[in-house]
Amino acid sequence: MPFDFAIPGPQEPTNVSVEPGASVIFVGANGGGKTRLAVRIEDSLVGRAHRISAHRALSLNPEVAKISERLAISGLRIGRPHEDAQVNQRSGHRWQGKEATVLLNDFDFLIQALFADQSNKSLDTHQRARAGDHSPAPFTKFEHLSQIWERLLPHRRLIISGDNIEVSVPGSASKYKASEMSDGERAIFYMIGQALLAADDSLLIVDEPELHVHRSIMAKLWDELEAARHDCAFVFITHDLEFAASRPARKFVILEYDPAPHWRIESVPEDTGFSEEITTLILGSRRPILFVEGTEGSLDTTIYRCCFPDLTVIPMGSCEEVIHAVVTMRRHSALTRVTCSGIVDADDYQPEDIAILGQYGVAVLPVSEIENLVLLPAVSRAIAESDGYNGTELEAKLKDVKDAVFQSLNSAAAVDGVVVRYCRRRIDRLSKKIDLSDAADIPSIIATYTNKTGEINIADIAKTAKDRIEKAVRDEDLPFLLANYDNKGLLALAATHLKRQRLGDFESWLTRILRNDKSPAVAAAIRATLPAVVSR
């Protein structure tokens, strides 16, 4: 029997149905009403739902007083360990009348229920054995929990007796009390216990399932629990895009919450041209999107996020992926609620290429790589001034930086390296433009490809690159050189000559001041070098 519930919306409710064995994921930012949505779903299903709050205490005490299984289960599910406890008392007892904000403190009930289950099954097995029935003993929930826990944490073993829980280290005689488990160990124990002790045919609502659990085992944890409780359905409510993307489930993004209450939610569409993680982030963004090169956590992403605080910056890796993302999003009707644009490194784009990219909504940096922005005179000056340099000392320091960059091209091998990399990029880019759509057979493909590649004059391409480098050197034109010189080692020169630091320390310093706005002049200087972006 499916679990059906309706989520109030600004105009009409969103109806959701979850079959046993399936799951649904809601993704939302902080302040998006995620916990109140969990409360709403639990209340709408009355006794068929069991909610695990994001505000949960994880104090594991195996020495808690042992009580009957019936009372422990009543305490775990309703918050009232009494024979006459009813589900309509759950709000007042389990949630203390504050369903969305109270700290859920039910670990003791969970432990009591596990010990009671073990005691009852052990006694039943003992009595049957005494009566001559030697059929296999049923698994206790503690045994099931231990198997899952140890598969997830193979470097640990649970030692469970009739009244205590300890942890051992395989291959060692050492062990420690369960109360001394790490946050992650306790969180995994708690989640497994909650899933195993939920009533048959329940909807388990898990608010922020990622809390205290390492990313490397998140997917395995919920794979295990969904397999262990195939009679149940799961609703996950999270802000973790990576977790959401890892689960095979129907997904929704919480766009807005109104305390009325109602939620504006949107289903995550399939076949958008983006990964589920990126699609979910796009849908959940309240700001225009800026696609950039680089990876999450890289220096270039930090620079972009500092300089474009009103945009949602999404790193896509390569320039090709940035261009593809902008074009895809602008064409995809399901994602047009937010606008987008992109920025790519100069990468020797020709003026005609830059014009075409501009039509797509992709701007081009004034330097070959974003790290080179730091070496532009205006940015280098701001960095030196932030350290107190001025007058002749300041000019001398800037000259040192400039001289170091040009000296890195003193050898013919260094220039040849730049030219070779330029040729590779130009040939690759030109090759991708070859159109074989009119070739009807293999000989035609061969002929067309041979003719088109034959038109690529590699000698001219190399001469163009070398002429540019030589012109920049001859004119001592640092900005022009940085637009044509791809060398990630240049940032190390900035570290040495501007801050007298190693590269790693300089990158850390730059990241820190940009994120914390500790040097607004440096941030402003970098921002002034970046191209304008137009979102639509």
# chains A, B, ... in the order shown; residues from 1 in each chain; ligands from 1

$ residues_around --residues "segment 99-110 of chain A" --least-positions-apart "4" --cutoff "9 Å" --atoms "only C-alpha atoms" --output "MDAnalysis selection string"
chainID A and resid 35:36 38:39 52:62 64:65 71:77 79 81 91:92 94:95 114:115 190 193:194 197

$ closest_atom_pairs --of "segment 159-263 of chain A" --to "segment 24-27 of chain A" --cutoff "7 Å" --atoms "only C-alpha atoms" --output "JSON lines"
{"residue": "A:Phe234", "atom": "CA", "partner": "A:Val24", "partner_atom": "CA", "distance": 6.4}
{"residue": "A:Val235", "atom": "CA", "partner": "A:Val24", "partner_atom": "CA", "distance": 4.9}
{"residue": "A:Phe236", "atom": "CA", "partner": "A:Ile25", "partner_atom": "CA", "distance": 4.7}
{"residue": "A:Ile237", "atom": "CA", "partner": "A:Phe26", "partner_atom": "CA", "distance": 4.8}
{"residue": "A:Thr238", "atom": "CA", "partner": "A:Val27", "partner_atom": "CA", "distance": 5.1}
{"residue": "A:His239", "atom": "CA", "partner": "A:Val27", "partner_atom": "CA", "distance": 5.2}
{"residue": "A:Ala244", "atom": "CA", "partner": "A:Ile25", "partner_atom": "CA", "distance": 6.6}
{"residue": "A:Ala249", "atom": "CA", "partner": "A:Val24", "partner_atom": "CA", "distance": 5.3}
{"residue": "A:Arg250", "atom": "CA", "partner": "A:Val24", "partner_atom": "CA", "distance": 5.0}
{"residue": "A:Lys251", "atom": "CA", "partner": "A:Ile25", "partner_atom": "CA", "distance": 4.7}
{"residue": "A:Phe252", "atom": "CA", "partner": "A:Phe26", "partner_atom": "CA", "distance": 4.8}
{"residue": "A:Val253", "atom": "CA", "partner": "A:Val27", "partner_atom": "CA", "distance": 4.9}
{"residue": "A:Ile254", "atom": "CA", "partner": "A:Val27", "partner_atom": "CA", "distance": 5.9}

$ write_last_selection --atoms "N, CA and C atoms" --output "PDB file, in the first residue's frame"
ATOM      1  N   PHE A 234      11.048   5.396   2.299  1.00  0.00           N
ATOM      2  CA  PHE A 234      11.907   6.390   2.939  1.00  0.00           C
ATOM      3  C   PHE A 234      11.684   7.758   2.308  1.00  0.00           C
ATOM      4  N   VAL A 235      11.641   8.778   3.175  1.00  0.00           N
ATOM      5  CA  VAL A 235      11.674  10.167   2.732  1.00  0.00           C
ATOM      6  C   VAL A 235      12.918  10.800   3.339  1.00  0.00           C
ATOM      7  N   PHE A 236      13.823  11.271   2.496  1.00  0.00           N
ATOM      8  CA  PHE A 236      15.034  11.941   2.962  1.00  0.00           C
ATOM      9  C   PHE A 236      14.882  13.437   2.707  1.00  0.00           C
ATOM     10  N   ILE A 237      15.193  14.235   3.715  1.00  0.00           N
ATOM     11  CA  ILE A 237      15.122  15.695   3.592  1.00  0.00           C
ATOM     12  C   ILE A 237      16.511  16.236   3.914  1.00  0.00           C
ATOM     13  N   THR A 238      17.142  16.873   2.942  1.00  0.00           N
ATOM     14  CA  THR A 238      18.563  17.168   3.068  1.00  0.00           C
ATOM     15  C   THR A 238      18.931  18.458   2.366  1.00  0.00           C
ATOM     16  N   HIS A 239      20.126  18.976   2.682  1.00  0.00           N
ATOM     17  CA  HIS A 239      20.700  20.065   1.890  1.00  0.00           C
ATOM     18  C   HIS A 239      21.953  19.584   1.165  1.00  0.00           C
ATOM     19  N   ALA A 244      21.965  13.564  -2.260  1.00  0.00           N
ATOM     20  CA  ALA A 244      20.749  13.458  -3.067  1.00  0.00           C
ATOM     21  C   ALA A 244      21.033  12.809  -4.413  1.00  0.00           C
ATOM     22  N   ALA A 249      16.177   7.764  -6.517  1.00  0.00           N
ATOM     23  CA  ALA A 249      14.906   8.162  -5.916  1.00  0.00           C
ATOM     24  C   ALA A 249      14.301   9.310  -6.705  1.00  0.00           C
ATOM     25  N   ARG A 250      12.994   9.499  -6.530  1.00  0.00           N
ATOM     26  CA  ARG A 250      12.358  10.685  -7.065  1.00  0.00           C
ATOM     27  C   ARG A 250      12.805  11.868  -6.221  1.00  0.00           C
ATOM     28  N   LYS A 251      13.135  12.984  -6.870  1.00  0.00           N
ATOM     29  CA  LYS A 251      13.721  14.110  -6.142  1.00  0.00           C
ATOM     30  C   LYS A 251      12.936  15.393  -6.384  1.00  0.00           C
ATOM     31  N   PHE A 252      12.865  16.199  -5.312  1.00  0.00           N
ATOM     32  CA  PHE A 252      12.223  17.501  -5.376  1.00  0.00           C
ATOM     33  C   PHE A 252      13.154  18.540  -4.778  1.00  0.00           C
ATOM     34  N   VAL A 253      13.067  19.758  -5.291  1.00  0.00           N
ATOM     35  CA  VAL A 253      13.810  20.885  -4.730  1.00  0.00           C
ATOM     36  C   VAL A 253      12.815  21.808  -4.039  1.00  0.00           C
ATOM     37  N   ILE A 254      13.135  22.172  -2.794  1.00  0.00           N
ATOM     38  CA  ILE A 254      12.304  23.130  -2.057  1.00  0.00           C
ATOM     39  C   ILE A 254      12.770  24.528  -2.448  1.00  0.00           C
TER      40      ILE A 254
END

$ closest_residue --among "A:Ala521, A:Val18, A:Val533, A:Leu204" --to "Val292 of chain A" --atoms "only C-alpha atoms"
A:Val533

$ atom_distance --atom1 "atom CA of Asp400 of chain A" --atom2 "atom CA of Leu373 of chain A"
16.7 Å

$ atom_distance --atom1 "atom CA of Asp223 of chain A" --atom2 "atom CA of Ile148 of chain A"
10.4 Å

$ residues_around --residues "segment 3-16 of chain A" --least-positions-apart "2" --cutoff "12 Å" --atoms "only C-alpha atoms" --output "ChimeraX atom specification"
/A:1,18-26,33-34,36-49,201-205,231-235,250-252,254-267

$ write_last_selection --atoms "N, CA and C atoms" --output "compact mmCIF listing (two decimals), in the first residue's frame"
# COMPACT_ATOMS: atom_id res chain seq x y z
N MET A 1 0.85 -1.20 0.00
CA MET A 1 0.00 0.00 0.00
C MET A 1 0.89 1.25 0.00
N VAL A 18 4.60 7.34 -2.42
CA VAL A 18 5.83 6.55 -2.30
C VAL A 18 5.44 5.10 -2.04
N GLU A 19 5.91 4.23 -2.88
CA GLU A 19 5.64 2.80 -2.70
C GLU A 19 6.62 2.20 -1.69
N PRO A 20 6.20 1.16 -0.95
CA PRO A 20 7.15 0.44 -0.09
C PRO A 20 8.35 -0.03 -0.91
N GLY A 21 9.54 0.14 -0.34
CA GLY A 21 10.75 -0.22 -1.06
C GLY A 21 11.33 0.91 -1.88
N ALA A 22 10.61 2.03 -1.97
CA ALA A 22 11.09 3.18 -2.74
C ALA A 22 11.41 4.34 -1.79
N SER A 23 11.93 5.41 -2.36
CA SER A 23 12.27 6.58 -1.54
C SER A 23 12.05 7.85 -2.34
N VAL A 24 11.92 8.96 -1.59
CA VAL A 24 11.77 10.29 -2.16
C VAL A 24 12.73 11.20 -1.43
N ILE A 25 13.32 12.14 -2.16
CA ILE A 25 14.29 13.06 -1.56
C ILE A 25 13.83 14.49 -1.80
N PHE A 26 13.85 15.29 -0.72
CA PHE A 26 13.59 16.72 -0.82
C PHE A 26 14.89 17.44 -0.47
N GLY A 33 12.50 25.59 5.22
CA GLY A 33 11.35 24.90 5.78
C GLY A 33 11.44 23.39 5.67
N LYS A 34 12.67 22.84 5.66
CA LYS A 34 12.83 21.39 5.49
C LYS A 34 12.26 20.62 6.69
N ARG A 36 10.09 21.60 8.93
CA ARG A 36 8.63 21.75 9.01
C ARG A 36 7.92 20.92 7.95
N LEU A 37 8.59 20.70 6.83
CA LEU A 37 8.02 19.80 5.83
C LEU A 37 8.01 18.37 6.37
N ALA A 38 9.08 17.98 7.06
CA ALA A 38 9.13 16.64 7.65
C ALA A 38 8.00 16.46 8.67
N VAL A 39 7.77 17.50 9.48
CA VAL A 39 6.68 17.46 10.46
C VAL A 39 5.34 17.30 9.74
N ARG A 40 5.16 18.05 8.68
CA ARG A 40 3.90 18.02 7.94
C ARG A 40 3.63 16.61 7.39
N ILE A 41 4.65 16.00 6.82
CA ILE A 41 4.48 14.66 6.25
C ILE A 41 4.15 13.65 7.35
N GLU A 42 4.88 13.72 8.47
CA GLU A 42 4.62 12.80 9.58
C GLU A 42 3.19 12.94 10.09
N ASP A 43 2.75 14.18 10.30
CA ASP A 43 1.40 14.40 10.83
C ASP A 43 0.32 13.93 9.85
N SER A 44 0.58 14.08 8.54
CA SER A 44 -0.45 13.71 7.57
C SER A 44 -0.65 12.20 7.49
N LEU A 45 0.37 11.43 7.87
CA LEU A 45 0.27 9.97 7.81
C LEU A 45 -0.01 9.34 9.17
N VAL A 46 -0.15 10.16 10.18
CA VAL A 46 -0.51 9.73 11.55
C VAL A 46 0.41 8.59 12.00
N GLY A 47 -0.13 7.40 12.23
CA GLY A 47 0.65 6.31 12.79
C GLY A 47 1.46 5.52 11.79
N ARG A 48 1.39 5.86 10.50
CA ARG A 48 2.13 5.12 9.48
C ARG A 48 3.53 5.68 9.22
N ALA A 49 3.89 6.76 9.90
CA ALA A 49 5.19 7.40 9.66
C ALA A 49 6.00 7.46 10.94
N ASP A 201 5.83 -1.82 7.68
CA ASP A 201 5.09 -1.04 6.67
C ASP A 201 4.98 0.43 7.05
N SER A 202 6.11 1.01 7.44
CA SER A 202 6.15 2.41 7.85
C SER A 202 6.82 3.27 6.78
N LEU A 203 6.55 4.57 6.85
CA LEU A 203 7.30 5.56 6.09
C LEU A 203 8.32 6.17 7.04
N LEU A 204 9.60 5.97 6.77
CA LEU A 204 10.65 6.54 7.60
C LEU A 204 11.05 7.89 7.02
N ILE A 205 10.89 8.93 7.82
CA ILE A 205 11.23 10.29 7.39
C ILE A 205 12.53 10.67 8.08
N ASP A 231 10.03 -3.44 3.39
CA ASP A 231 8.60 -3.24 3.62
C ASP A 231 8.26 -1.77 3.84
N CYS A 232 9.28 -0.97 4.07
CA CYS A 232 9.09 0.45 4.38
C CYS A 232 9.45 1.32 3.18
N ALA A 233 9.01 2.56 3.22
CA ALA A 233 9.44 3.58 2.27
C ALA A 233 10.24 4.63 3.03
N PHE A 234 11.05 5.40 2.30
CA PHE A 234 11.91 6.39 2.94
C PHE A 234 11.68 7.76 2.31
N VAL A 235 11.64 8.78 3.17
CA VAL A 235 11.67 10.17 2.73
C VAL A 235 12.92 10.80 3.34
N ARG A 250 12.99 9.50 -6.53
CA ARG A 250 12.36 10.68 -7.07
C ARG A 250 12.81 11.87 -6.22
N LYS A 251 13.13 12.98 -6.87
CA LYS A 251 13.72 14.11 -6.14
C LYS A 251 12.94 15.39 -6.38
N PHE A 252 12.87 16.20 -5.31
CA PHE A 252 12.22 17.50 -5.38
C PHE A 252 13.15 18.54 -4.78
N ILE A 254 13.13 22.17 -2.79
CA ILE A 254 12.30 23.13 -2.06
C ILE A 254 12.77 24.53 -2.45
N LEU A 255 11.94 25.26 -3.16
CA LEU A 255 12.32 26.58 -3.66
C LEU A 255 12.02 27.67 -2.66
N GLU A 256 10.84 27.60 -2.03
CA GLU A 256 10.44 28.64 -1.07
C GLU A 256 9.56 28.02 0.01
N TYR A 257 9.58 28.66 1.17
CA TYR A 257 8.72 28.24 2.26
C TYR A 257 8.02 29.46 2.84
N ASP A 258 6.72 29.32 3.06
CA ASP A 258 5.92 30.36 3.69
C ASP A 258 5.29 29.77 4.94
N PRO A 259 5.45 30.44 6.11
CA PRO A 259 4.91 29.87 7.35
C PRO A 259 3.41 29.70 7.36
N ALA A 260 2.72 30.00 6.28
CA ALA A 260 1.25 29.92 6.22
C ALA A 260 0.62 28.61 6.73
N PRO A 261 1.09 27.36 6.48
CA PRO A 261 2.34 27.08 5.76
C PRO A 261 2.06 26.58 4.35
N HIS A 262 2.99 26.90 3.44
CA HIS A 262 3.02 26.23 2.16
C HIS A 262 4.45 26.29 1.61
N TRP A 263 4.70 25.35 0.73
CA TRP A 263 6.02 25.22 0.13
C TRP A 263 5.90 25.31 -1.39
N ARG A 264 6.86 25.96 -2.00
CA ARG A 264 6.94 25.90 -3.45
C ARG A 264 8.05 24.93 -3.79
N ILE A 265 7.67 23.80 -4.36
CA ILE A 265 8.65 22.78 -4.68
C ILE A 265 8.60 22.46 -6.17
N GLU A 266 9.67 21.88 -6.65
CA GLU A 266 9.76 21.55 -8.07
C GLU A 266 10.43 20.21 -8.22
N SER A 267 9.87 19.36 -9.05
CA SER A 267 10.46 18.05 -9.29
C SER A 267 11.74 18.21 -10.11

$ select_by_dssp --residues "segment 169-266 of chain A" --states "strand (DSSP E)" --output "list in words"
Lys175, Tyr176, Lys177, Leu203, Leu204, Ile205, Val206, Asp207, Ala233, Phe234, Val235, Phe236, Ile237, Thr238, Arg250, Lys251, Phe252, Val253, Ile254, Leu255, Glu256, Tyr257, Asp258, His262, Trp263, Arg264, Ile265 and Glu266 of chain A
